[in-house]
$ cat my_file-v7.cif   # mmCIF, C-alpha atoms
data_input
loop_
_atom_site.label_atom_id
_atom_site.label_comp_id
_atom_site.auth_asym_id
_atom_site.auth_seq_id
_atom_site.Cartn_x
_atom_site.Cartn_y
_atom_site.Cartn_z
CA MET A 25 126.84 103.24 128.73
CA PRO A 26 124.06 101.99 126.45
CA ILE A 27 121.71 99.48 128.07
CA LEU A 28 121.35 97.65 124.76
CA GLU A 29 123.85 97.78 121.93
CA ALA A 30 124.19 95.87 118.67
CA LYS A 31 127.50 95.94 116.82
CA SER A 32 127.49 94.68 113.22
CA LEU A 33 125.07 92.03 114.37
CA THR A 34 124.27 89.37 111.79
CA LYS A 35 122.08 86.31 112.16
CA ARG A 36 121.43 83.75 109.44
CA TYR A 37 119.17 80.74 109.64
CA GLY A 38 120.97 78.39 107.28
CA SER A 39 121.42 80.51 104.20
CA ASN A 40 118.46 82.79 105.06
CA PRO A 41 119.57 86.13 106.47
CA ALA A 42 117.38 87.28 109.40
CA LEU A 43 119.53 90.22 110.50
CA THR A 44 122.30 91.78 108.45
CA ASN A 45 125.00 94.02 109.91
CA VAL A 46 122.70 95.68 112.46
CA SER A 47 124.23 98.38 114.68
CA PHE A 48 122.45 100.64 117.18
CA ALA A 49 122.63 101.72 120.80
CA ILE A 50 119.79 102.36 123.26
CA GLU A 51 120.58 104.57 126.24
CA PRO A 52 118.89 104.20 129.66
CA GLY A 53 115.60 106.04 130.21
CA ARG A 54 114.18 105.51 126.73
CA ILE A 55 111.01 103.83 125.55
CA VAL A 56 111.80 102.49 122.09
CA GLY A 57 109.46 101.03 119.51
CA LEU A 58 110.96 98.18 117.49
CA LEU A 59 108.83 98.55 114.41
CA GLY A 60 108.71 96.48 111.26
CA PRO A 61 106.43 94.30 109.18
CA ASN A 62 106.02 90.59 109.81
CA GLY A 63 109.22 88.65 109.21
CA SER A 64 111.50 91.71 109.37
CA GLY A 65 113.67 90.35 112.19
CA LYS A 66 112.10 91.88 115.33
CA THR A 67 111.76 88.64 117.26
CA THR A 68 115.18 87.42 116.12
CA LEU A 69 116.73 90.59 117.53
CA ILE A 70 114.92 90.18 120.85
CA LYS A 71 115.87 86.50 121.09
CA LEU A 72 119.52 87.36 120.44
CA ALA A 73 119.40 89.93 123.26
CA ASN A 74 118.05 87.25 125.58
CA GLY A 75 120.61 84.62 124.68
CA LEU A 76 118.06 82.32 123.07
CA LEU A 77 119.92 82.59 119.78
CA GLN A 78 123.61 83.07 119.05
CA PRO A 79 124.77 85.66 116.50
CA THR A 80 126.29 84.40 113.27
CA SER A 81 128.69 87.35 113.54
CA GLY A 82 128.92 90.65 115.38
CA GLU A 83 127.68 91.07 118.92
CA ILE A 84 124.80 92.22 121.08
CA LEU A 85 125.52 93.71 124.49
CA ILE A 86 123.35 94.35 127.54
CA GLY A 87 124.99 97.03 129.68
CA GLY A 88 128.27 96.11 128.00
CA MET A 89 127.92 92.35 128.59
CA SER A 90 127.08 89.51 126.23
CA PRO A 91 123.83 87.74 127.18
CA CYS A 92 124.43 85.47 130.19
CA ALA A 93 122.95 84.69 133.60
CA LYS A 94 123.97 88.14 134.82
CA THR A 95 122.23 90.01 132.00
CA LYS A 96 119.12 87.90 132.52
CA SER A 97 118.91 89.26 136.06
CA ILE A 98 118.49 92.79 134.66
CA VAL A 99 116.42 92.04 131.54
CA SER A 100 112.70 91.39 131.76
CA TYR A 101 111.66 89.54 128.63
CA LEU A 102 108.11 89.06 127.42
CA PRO A 103 108.18 86.45 124.65
CA GLU A 104 105.66 86.49 121.84
CA ARG A 105 104.51 82.99 122.82
CA ILE A 106 103.36 81.52 126.10
CA ASN A 107 106.43 80.64 128.18
CA VAL A 108 104.93 79.69 131.54
CA PRO A 109 103.74 76.25 132.66
CA LEU A 110 100.06 75.95 131.70
CA TRP A 111 99.09 73.97 134.80
CA MET A 112 100.15 76.77 137.17
CA SER A 113 97.73 79.31 138.62
CA ALA A 114 98.47 83.04 138.61
CA GLU A 115 99.21 82.77 142.33
CA GLU A 116 101.72 79.95 141.80
CA LEU A 117 103.36 81.85 138.97
CA ILE A 118 103.89 84.85 141.22
CA LYS A 119 105.71 82.57 143.69
CA PHE A 120 107.66 81.00 140.82
CA TYR A 121 108.77 84.40 139.54
CA SER A 122 109.67 85.57 143.07
CA ASP A 123 112.02 82.57 143.38
CA PHE A 124 113.58 83.17 139.99
CA TYR A 125 114.05 86.93 140.00
CA ALA A 126 115.40 88.98 142.91
CA ASP A 127 113.84 92.14 141.40
CA PHE A 128 110.30 90.71 141.14
CA GLU A 129 107.72 92.56 143.25
CA PRO A 130 104.78 90.24 144.05
CA ASN A 131 102.54 93.01 145.39
CA ARG A 132 102.72 94.86 142.07
CA ALA A 133 101.70 91.72 140.22
CA GLN A 134 98.80 91.17 142.64
CA ASP A 135 97.63 94.78 142.23
CA MET A 136 97.63 94.48 138.46
CA LEU A 137 95.79 91.15 138.50
CA ARG A 138 93.14 92.75 140.71
CA ASN A 139 92.87 95.84 138.45
CA LEU A 140 92.33 93.62 135.43
CA GLY A 141 89.89 91.36 137.28
CA ILE A 142 91.95 88.16 136.92
CA GLY A 143 91.45 85.64 139.74
CA GLU A 144 94.70 84.43 141.32
CA LYS A 145 93.45 80.87 141.65
CA MET A 146 92.76 80.48 137.95
CA ARG A 147 95.11 78.19 136.05
CA ILE A 148 96.79 79.44 132.87
CA LYS A 149 95.25 76.60 130.83
CA GLU A 150 91.77 77.73 131.93
CA MET A 151 92.34 81.29 130.69
CA SER A 152 91.47 82.80 127.34
CA LYS A 153 94.31 83.76 124.99
CA GLY A 154 93.95 87.45 125.88
CA THR A 155 93.97 86.75 129.62
CA ARG A 156 97.09 84.59 129.30
CA GLU A 157 98.81 87.45 127.52
CA LYS A 158 97.78 89.84 130.28
CA VAL A 159 99.18 87.53 132.99
CA GLN A 160 102.49 87.19 131.14
CA LEU A 161 102.75 90.93 130.70
CA ILE A 162 101.94 91.52 134.38
CA LEU A 163 104.74 89.11 135.34
CA ALA A 164 107.19 90.89 133.04
CA MET A 165 106.25 94.38 134.23
CA SER A 166 106.36 93.45 137.93
CA ARG A 167 110.12 93.19 137.82
CA ARG A 168 112.36 96.19 138.55
CA ALA A 169 114.54 95.50 135.54
CA LYS A 170 117.01 97.73 133.70
CA LEU A 171 115.73 96.62 130.32
CA TYR A 172 112.26 95.42 129.39
CA MET A 173 111.98 93.61 126.08
CA LEU A 174 108.34 93.21 125.17
CA ASP A 175 107.69 91.18 122.03
CA GLU A 176 104.22 92.09 120.72
CA PRO A 177 102.74 92.92 124.14
CA ILE A 178 99.48 94.39 122.85
CA GLY A 179 98.71 92.19 119.88
CA GLY A 180 96.01 90.03 121.41
CA VAL A 181 94.25 92.27 123.92
CA ASP A 182 91.20 94.53 123.72
CA PRO A 183 91.57 98.35 123.45
CA ALA A 184 90.71 99.04 127.12
CA THR A 185 93.39 96.58 128.26
CA ARG A 186 95.77 98.09 125.73
CA ASP A 187 95.29 101.48 127.41
CA TYR A 188 95.88 99.88 130.79
CA ILE A 189 99.09 98.23 129.56
CA LEU A 190 100.40 101.49 128.10
CA ALA A 191 99.52 103.32 131.33
CA THR A 192 101.44 100.61 133.22
CA ILE A 193 104.48 101.21 131.03
CA ILE A 194 104.28 104.97 131.65
CA ASN A 195 103.71 104.48 135.36
CA ASN A 196 106.62 102.08 135.57
CA TYR A 197 108.92 104.59 133.90
CA ASP A 198 112.35 104.79 135.46
CA PRO A 199 115.07 107.10 134.08
CA SER A 200 117.67 104.37 134.59
CA ALA A 201 115.68 101.69 132.72
CA SER A 202 114.69 101.28 129.09
CA VAL A 203 111.76 99.58 127.42
CA VAL A 204 111.84 98.03 123.96
CA ILE A 205 108.40 97.29 122.53
CA SER A 206 108.14 95.32 119.33
CA THR A 207 104.86 95.78 117.53
CA HIS A 208 103.20 96.53 114.25
CA LEU A 209 100.29 98.31 116.02
CA ILE A 210 102.15 101.59 115.85
CA ALA A 211 99.31 104.06 116.19
CA ASP A 212 98.49 102.50 119.57
CA VAL A 213 101.95 102.84 121.07
CA GLU A 214 103.22 105.92 119.29
CA ASN A 215 102.35 108.41 122.06
CA VAL A 216 104.36 106.56 124.68
CA LEU A 217 107.51 106.13 122.58
CA ASP A 218 110.67 108.21 122.76
CA ASP A 219 112.28 106.62 119.74
CA ALA A 220 111.35 104.50 116.76
CA LEU A 221 113.67 101.81 115.40
CA PHE A 222 112.45 100.76 111.94
CA ILE A 223 113.60 97.37 110.80
CA SER A 224 113.04 95.96 107.34
CA ARG A 225 114.29 92.67 105.91
CA GLY A 226 116.80 92.36 108.72
CA GLU A 227 118.26 95.85 108.39
CA ILE A 228 117.80 99.06 110.38
CA VAL A 229 116.26 101.58 108.01
CA LEU A 230 115.59 104.38 110.52
CA TYR A 231 116.40 105.11 114.15
CA ASP A 232 115.11 108.50 115.27
CA SER A 233 113.10 110.20 118.01
CA VAL A 234 109.34 110.31 117.50
CA ASP A 235 109.39 114.10 117.99
CA HIS A 236 112.01 114.53 115.30
CA ILE A 237 110.15 112.27 112.86
CA ARG A 238 106.99 114.32 113.30
CA GLU A 239 108.86 117.63 113.15
CA SER A 240 110.98 116.87 110.11
CA ARG A 241 108.47 114.87 108.07
CA GLY A 242 105.19 116.41 109.20
CA MET A 243 103.64 113.00 109.72
CA SER A 244 103.18 110.51 112.50
CA VAL A 245 105.39 107.45 112.94
CA ASP A 246 102.39 105.38 111.92
CA GLY A 247 102.04 107.45 108.74
CA LEU A 248 105.74 107.11 108.00
CA PHE A 249 105.60 103.36 108.59
CA ARG A 250 102.76 103.01 106.09
CA GLU A 251 104.77 104.99 103.57
CA VAL A 252 108.07 103.15 104.10
CA PHE A 253 106.48 99.71 104.11
CA ARG A 254 103.79 100.23 101.51
CA CYS A 255 102.99 96.91 99.91
CA MET B 2 93.72 108.14 128.76
CA ASP B 3 93.52 111.05 126.35
CA THR B 4 95.12 110.17 123.04
CA SER B 5 93.57 112.83 120.86
CA PHE B 6 96.70 114.31 119.39
CA ARG B 7 97.12 115.57 115.87
CA GLN B 8 99.14 113.16 113.77
CA ASN B 9 101.46 115.50 111.95
CA GLU B 10 102.97 117.51 114.78
CA PRO B 11 105.26 116.65 117.71
CA ILE B 12 103.29 115.74 120.80
CA TYR B 13 105.27 118.01 123.12
CA LEU B 14 104.21 121.05 121.05
CA GLN B 15 100.58 120.01 121.40
CA LEU B 16 101.02 119.57 125.13
CA ILE B 17 102.50 123.08 125.38
CA GLU B 18 99.49 124.43 123.53
CA ARG B 19 97.10 122.64 125.90
CA PHE B 20 98.88 124.00 128.98
CA LYS B 21 98.86 127.51 127.55
CA LEU B 22 95.15 127.24 126.87
CA SER B 23 94.47 125.94 130.38
CA ILE B 24 96.42 128.80 131.93
CA VAL B 25 94.96 131.56 129.75
CA SER B 26 91.40 130.29 130.18
CA GLY B 27 91.80 130.10 133.96
CA GLU B 28 91.38 126.34 134.16
CA LEU B 29 94.81 126.48 135.77
CA LEU B 30 95.08 129.53 138.03
CA PRO B 31 98.18 131.64 138.76
CA GLY B 32 100.09 129.98 141.59
CA ASP B 33 98.43 126.56 141.08
CA LYS B 34 100.70 123.62 141.73
CA LEU B 35 101.15 121.19 138.84
CA ARG B 36 100.94 117.45 139.39
CA SER B 37 104.10 115.35 139.06
CA VAL B 38 105.56 114.65 135.62
CA ARG B 39 104.54 110.99 135.94
CA ASP B 40 100.94 111.87 136.85
CA LEU B 41 100.70 114.38 134.02
CA ALA B 42 102.18 111.84 131.58
CA LEU B 43 99.61 109.25 132.66
CA TRP B 44 96.81 111.77 132.41
CA ALA B 45 97.79 112.70 128.85
CA GLY B 46 98.77 109.15 127.88
CA VAL B 47 102.24 110.23 126.78
CA ASN B 48 105.83 109.31 127.45
CA PRO B 49 107.22 110.99 130.63
CA ASN B 50 110.17 112.40 128.65
CA THR B 51 107.72 114.08 126.28
CA MET B 52 105.85 115.64 129.21
CA GLN B 53 109.16 116.72 130.74
CA ARG B 54 110.13 118.42 127.49
CA ALA B 55 106.82 120.31 127.31
CA LEU B 56 107.20 121.50 130.92
CA PHE B 57 110.79 122.54 130.26
CA GLU B 58 109.68 124.71 127.32
CA LEU B 59 106.85 126.24 129.37
CA GLU B 60 109.32 127.05 132.11
CA ARG B 61 111.71 128.62 129.62
CA ASN B 62 108.85 130.84 128.45
CA GLY B 63 108.11 131.86 132.01
CA LEU B 64 104.64 130.30 132.16
CA ILE B 65 105.55 127.96 134.96
CA TYR B 66 108.32 127.97 137.54
CA THR B 67 109.97 125.36 139.73
CA GLN B 68 110.31 125.73 143.45
CA ARG B 69 113.26 123.59 144.30
CA THR B 70 111.66 121.26 146.78
CA SER B 71 107.95 121.62 146.33
CA GLY B 72 107.36 121.24 142.59
CA LYS B 73 106.18 123.25 139.60
CA PHE B 74 103.70 126.15 139.74
CA VAL B 75 101.78 128.33 137.30
CA THR B 76 103.26 131.82 136.99
CA GLU B 77 101.62 134.65 138.90
CA ASP B 78 102.92 137.20 136.39
CA ALA B 79 99.84 138.66 134.67
CA ASP B 80 101.98 140.23 131.92
CA ILE B 81 103.26 136.82 130.80
CA ILE B 82 99.76 135.34 130.80
CA GLY B 83 98.49 138.36 128.85
CA ARG B 84 101.26 137.97 126.30
CA VAL B 85 100.46 134.29 125.78
CA ARG B 86 96.75 135.13 125.41
CA ARG B 87 97.61 137.58 122.61
CA GLU B 88 99.90 135.04 120.95
CA LEU B 89 97.21 132.36 120.96
CA ALA B 90 94.60 134.81 119.67
CA GLU B 91 96.88 136.02 116.88
CA ALA B 92 97.75 132.51 115.77
CA LYS B 93 94.10 131.44 115.64
CA THR B 94 93.14 134.64 113.80
CA ALA B 95 95.85 134.14 111.19
CA GLU B 96 94.63 130.58 110.66
CA TYR B 97 91.01 131.75 110.36
CA LEU B 98 91.86 134.54 107.95
CA GLY B 99 93.88 132.18 105.78
CA TYR B 100 90.90 129.84 105.55
CA MET B 101 88.41 132.64 104.79
CA ARG B 102 90.70 134.10 102.09
CA SER B 103 91.00 130.66 100.52
CA LEU B 104 87.20 130.68 100.28
CA GLY B 105 87.54 133.93 98.33
CA LEU B 106 86.14 136.32 100.93
CA LYS B 107 87.38 139.91 101.24
CA THR B 108 88.11 141.72 104.51
CA ASP B 109 84.72 143.50 104.74
CA GLU B 110 82.91 140.23 104.00
CA ILE B 111 84.91 138.41 106.67
CA LEU B 112 84.12 141.13 109.21
CA ALA B 113 80.45 140.98 108.27
CA THR B 114 80.44 137.21 108.79
CA ILE B 115 81.93 137.58 112.26
CA LYS B 116 79.43 140.28 113.20
CA GLU B 117 76.53 138.24 111.93
CA LYS B 118 77.62 135.16 113.88
CA GLU B 119 78.15 137.16 117.06
CA GLU B 120 74.63 138.63 116.83
CA GLU B 121 73.22 135.18 116.21
CA ASN B 122 75.06 133.86 119.31
CA ALA B 123 73.86 136.81 121.39
CA ASN B 124 70.25 136.11 120.43
CA SER B 125 70.31 132.40 121.05
#

$ encode --input "my_file-v7.cif" --output "structure tokens"
Amino acid sequence: MPILEAKSLTKRYGSNPALTNVSFAIEPGRIVGLLGPNGSGKTTLIKLANGLLQPTSGEILIGGMSPCAKTKSIVSYLPERINVPLWMSAEELIKFYSDFYADFEPNRAQDMLRNLGIGEKMRIKEMSKGTREKVQLILAMSRRAKLYMLDEPIGGVDPATRDYILATIINNYDPSASVVISTHLIADVENVLDDALFISRGEIVLYDSVDHIRESRGMSVDGLFREVFRC
Amino acid sequence: MDTSFRQNEPIYLQLIERFKLSIVSGELLPGDKLRSVRDLALWAGVNPNTMQRALFELERNGLIYTQRTSGKFVTEDADIIGRVRRELAEAKTAEYLGYMRSLGLKTDEILATIKEKEEENANS
């Protein structure tokens, strides 16, 4: 059964269409890039999968279920914006997450904080933007989830941290879990992706494996993106 | 993390090429045990499924073999390694000749260029 499936999914904000008749299925064990220019519907799709928005029509299913408390226990969601209380320290957040999520592994979060040189006593509000993003990503990746939905996880961090994050995703790989990464920094993530899901103006324009894109078109996913979305 | 892959070609094919080169050049010796798929994926900075696919192809070509419980190993069959060496050499030669012909050089000129360069290398 697909871990994430959209069936004729449509979302409108008032009269503005954000997603139009989107259908796709992601099987377990895949790392999928959700790729599209700004305003193409990436975040809307991720929010729908996490129950933060309701579809106008159609449905989105996590392991066959509509978003609910049960799906939230198997989906690890990294929002594009800060979603943790600013007054908490990294240490307190680890406790907080341990209480909230049965699949959260505090020792993994502590290891990653140490590797990235982030002090556990530091409060979120005292951290730089990049450090905040790292802490949020660490929290998301320290769960043993079935589906990770990472909305722009590498946008605000330096290249060395980017490498570390991608290595964490590879190292965390589990054949029964899938990872969806939304980004427009395609060249950076391309090597770790199985599949690319291109979204444009709220519609899926391409869903294919990275290998097949390179084989059939003789260009990278990044190259194809630049061609498809040329301004 | 090594991310120096060519843009226009599937990554698993480039991984296969790297493994072949490592085996033929003796960087990986016959009978050497390979690291786990996850470790190799991390080392190359690629998706574990991509690494798995490359290893599967190498195994199909007889360059590596799996021992059920203990992992994957480099073949000890010298014939297979010799065959891959010839294949790699032929492919590179074809590429080189194509380039030299596009420059307008004829066979005797190409051979002379090679000889000249070899003598230069020997003297340096």

$ interface_residues --input "my_file-v7.cif" --of "chain B" --to "chain A" --cutoff "9 Å" --atoms "all atoms listed in the file" --output "list in words"
Met2, Thr4, Phe6, Arg7, Gln8, Asn9, Glu10, Pro11, Ile12, Tyr13, Arg39, Asp40, Ala42, Leu43, Trp44, Gly46, Val47, Asn48, Pro49, Asn50 and Thr51 of chain B

$ resolve_selection --input "my_file-v7.cif" --expression "the PyMOL selection byres ((chain A and resi 94-103) around 10)" --output "JSON, numbers by chain"
{"A": [27, 67, 70, 71, 73, 74, 75, 85, 86, 87, 88, 89, 90, 91, 92, 93, 104, 105, 106, 107, 124, 125, 126, 127, 128, 157, 160, 161, 162, 163, 164, 165, 166, 167, 168, 169, 170, 171, 172, 173, 174, 175, 176, 177, 201, 202, 203, 204, 205]}

$ resolve_selection --input "my_file-v7.cif" --expression "the PyMOL selection byres ((chain B and resi 21-31) around 12)" --output "PyMOL selection string"
chain B and resi 14-20+32-36+55-56+58-60+62-66+73-90

$ closest_residue --input "my_file-v7.cif" --among "A:Gly82, A:Pro41, A:Pro61, A:Gly143" --to "Phe222 of chain A" --atoms "all atoms listed in the file"
A:Pro61

$ resolve_selection --input "my_file-v7.cif" --expression "the PyMOL selection byres ((chain A and resi 147) around 7)" --output "list in words"
Leu110, Trp111, Met112, Ser113, Ala114, Lys145, Met146, Ile148, Lys149, Glu150 and Met151 of chain A

$ write_last_selection --input "my_file-v7.cif" --atoms "C-alpha atoms" --output "mmCIF file, in the coordinates of the input"
data_model
loop_
_atom_site.group_PDB
_atom_site.id
_atom_site.type_symbol
_atom_site.label_atom_id
_atom_site.label_comp_id
_atom_site.auth_asym_id
_atom_site.auth_seq_id
_atom_site.Cartn_x
_atom_site.Cartn_y
_atom_site.Cartn_z
ATOM 1 C CA LEU A 110 100.060 75.950 131.700
ATOM 2 C CA TRP A 111 99.090 73.970 134.800
ATOM 3 C CA MET A 112 100.150 76.770 137.170
ATOM 4 C CA SER A 113 97.730 79.310 138.620
ATOM 5 C CA ALA A 114 98.470 83.040 138.610
ATOM 6 C CA LYS A 145 93.450 80.870 141.650
ATOM 7 C CA MET A 146 92.760 80.480 137.950
ATOM 8 C CA ILE A 148 96.790 79.440 132.870
ATOM 9 C CA LYS A 149 95.250 76.600 130.830
ATOM 10 C CA GLU A 150 91.770 77.730 131.930
ATOM 11 C CA MET A 151 92.340 81.290 130.690
#

$ atom_distance --input "my_file-v7.cif" --atom1 "atom CA of Leu33 of chain A" --atom2 "atom CA of Glu83 of chain A"
5.3 Å

$ atom_distance --input "my_file-v7.cif" --atom1 "atom CA of Gly180 of chain A" --atom2 "atom CA of Gly154 of chain A"
5.6 Å

$ residues_around --input "my_file-v7.cif" --residues "Ala220 of chain A" --least-positions-apart "3" --cutoff "6 Å" --atoms "only C-alpha atoms" --output "PyMOL selection string"
chain A and resi 56-57+231-232

$ atom_distance --input "my_file-v7.cif" --atom1 "atom CA of Thr34 of chain A" --atom2 "atom CA of Thr207 of chain A"
21.2 Å

$ closest_residue --input "my_file-v7.cif" --among "A:Asp123, A:Glu29, A:Glu115, A:Asp135" --to "Ile84 of chain A" --atoms "all atoms listed in the file"
A:Glu29

$ decode --input "my_file-v7.cif" --residues "segment 105-121 of chain A" --atoms "N, CA, C and O atoms" --output "PDB file, in the first residue's frame"
ATOM      1  N   ARG A 105       8.175  26.939   8.495  1.00  0.00           N
ATOM      2  CA  ARG A 105       8.381  27.993   9.487  1.00  0.00           C
ATOM      3  C   ARG A 105       8.649  27.387  10.839  1.00  0.00           C
ATOM      4  O   ARG A 105       8.378  26.217  11.075  1.00  0.00           O
ATOM      5  N   ILE A 106       9.127  28.215  11.759  1.00  0.00           N
ATOM      6  CA  ILE A 106       9.407  27.740  13.111  1.00  0.00           C
ATOM      7  C   ILE A 106       8.092  27.330  13.785  1.00  0.00           C
ATOM      8  O   ILE A 106       7.102  28.041  13.741  1.00  0.00           O
ATOM      9  N   ASN A 107       8.068  26.127  14.359  1.00  0.00           N
ATOM     10  CA  ASN A 107       6.824  25.641  14.959  1.00  0.00           C
ATOM     11  C   ASN A 107       7.015  25.236  16.421  1.00  0.00           C
ATOM     12  O   ASN A 107       6.173  24.594  17.006  1.00  0.00           O
ATOM     13  N   VAL A 108       8.161  25.575  16.986  1.00  0.00           N
ATOM     14  CA  VAL A 108       8.407  25.179  18.384  1.00  0.00           C
ATOM     15  C   VAL A 108       8.419  26.426  19.259  1.00  0.00           C
ATOM     16  O   VAL A 108       8.729  27.524  18.783  1.00  0.00           O
ATOM     17  N   PRO A 109       8.079  26.294  20.537  1.00  0.00           N
ATOM     18  CA  PRO A 109       8.071  27.453  21.423  1.00  0.00           C
ATOM     19  C   PRO A 109       9.478  28.064  21.522  1.00  0.00           C
ATOM     20  O   PRO A 109      10.448  27.353  21.787  1.00  0.00           O
ATOM     21  N   LEU A 110       9.562  29.371  21.299  1.00  0.00           N
ATOM     22  CA  LEU A 110      10.869  30.036  21.227  1.00  0.00           C
ATOM     23  C   LEU A 110      11.599  30.060  22.570  1.00  0.00           C
ATOM     24  O   LEU A 110      12.817  30.115  22.627  1.00  0.00           O
ATOM     25  N   TRP A 111      10.818  30.022  23.674  1.00  0.00           N
ATOM     26  CA  TRP A 111      11.462  30.131  24.979  1.00  0.00           C
ATOM     27  C   TRP A 111      12.105  28.829  25.433  1.00  0.00           C
ATOM     28  O   TRP A 111      12.830  28.786  26.411  1.00  0.00           O
ATOM     29  N   MET A 112      11.832  27.735  24.714  1.00  0.00           N
ATOM     30  CA  MET A 112      12.385  26.441  25.141  1.00  0.00           C
ATOM     31  C   MET A 112      13.829  26.283  24.706  1.00  0.00           C
ATOM     32  O   MET A 112      14.251  26.809  23.683  1.00  0.00           O
ATOM     33  N   SER A 113      14.599  25.520  25.492  1.00  0.00           N
ATOM     34  CA  SER A 113      15.959  25.166  25.090  1.00  0.00           C
ATOM     35  C   SER A 113      15.887  23.869  24.285  1.00  0.00           C
ATOM     36  O   SER A 113      14.862  23.177  24.298  1.00  0.00           O
ATOM     37  N   ALA A 114      16.998  23.547  23.615  1.00  0.00           N
ATOM     38  CA  ALA A 114      17.063  22.311  22.830  1.00  0.00           C
ATOM     39  C   ALA A 114      16.758  21.113  23.732  1.00  0.00           C
ATOM     40  O   ALA A 114      16.012  20.205  23.355  1.00  0.00           O
ATOM     41  N   GLU A 115      17.328  21.167  24.943  1.00  0.00           N
ATOM     42  CA  GLU A 115      17.127  20.072  25.902  1.00  0.00           C
ATOM     43  C   GLU A 115      15.640  19.903  26.254  1.00  0.00           C
ATOM     44  O   GLU A 115      15.113  18.786  26.271  1.00  0.00           O
ATOM     45  N   GLU A 116      14.976  21.035  26.498  1.00  0.00           N
ATOM     46  CA  GLU A 116      13.548  20.979  26.847  1.00  0.00           C
ATOM     47  C   GLU A 116      12.713  20.479  25.663  1.00  0.00           C
ATOM     48  O   GLU A 116      11.735  19.755  25.843  1.00  0.00           O
ATOM     49  N   LEU A 117      13.127  20.888  24.468  1.00  0.00           N
ATOM     50  CA  LEU A 117      12.397  20.445  23.281  1.00  0.00           C
ATOM     51  C   LEU A 117      12.490  18.933  23.100  1.00  0.00           C
ATOM     52  O   LEU A 117      11.534  18.292  22.666  1.00  0.00           O
ATOM     53  N   ILE A 118      13.656  18.390  23.413  1.00  0.00           N
ATOM     54  CA  ILE A 118      13.841  16.940  23.292  1.00  0.00           C
ATOM     55  C   ILE A 118      12.867  16.223  24.236  1.00  0.00           C
ATOM     56  O   ILE A 118      12.214  15.245  23.855  1.00  0.00           O
ATOM     57  N   LYS A 119      12.729  16.752  25.440  1.00  0.00           N
ATOM     58  CA  LYS A 119      11.768  16.183  26.409  1.00  0.00           C
ATOM     59  C   LYS A 119      10.342  16.296  25.866  1.00  0.00           C
ATOM     60  O   LYS A 119       9.546  15.365  25.933  1.00  0.00           O
ATOM     61  N   PHE A 120      10.046  17.504  25.360  1.00  0.00           N
ATOM     62  CA  PHE A 120       8.732  17.823  24.800  1.00  0.00           C
ATOM     63  C   PHE A 120       8.375  16.821  23.694  1.00  0.00           C
ATOM     64  O   PHE A 120       7.297  16.228  23.688  1.00  0.00           O
ATOM     65  N   TYR A 121       9.308  16.628  22.769  1.00  0.00           N
ATOM     66  CA  TYR A 121       9.077  15.703  21.666  1.00  0.00           C
ATOM     67  C   TYR A 121       8.938  14.262  22.165  1.00  0.00           C
ATOM     68  O   TYR A 121       8.150  13.489  21.630  1.00  0.00           O
TER      69      TYR A 121
END
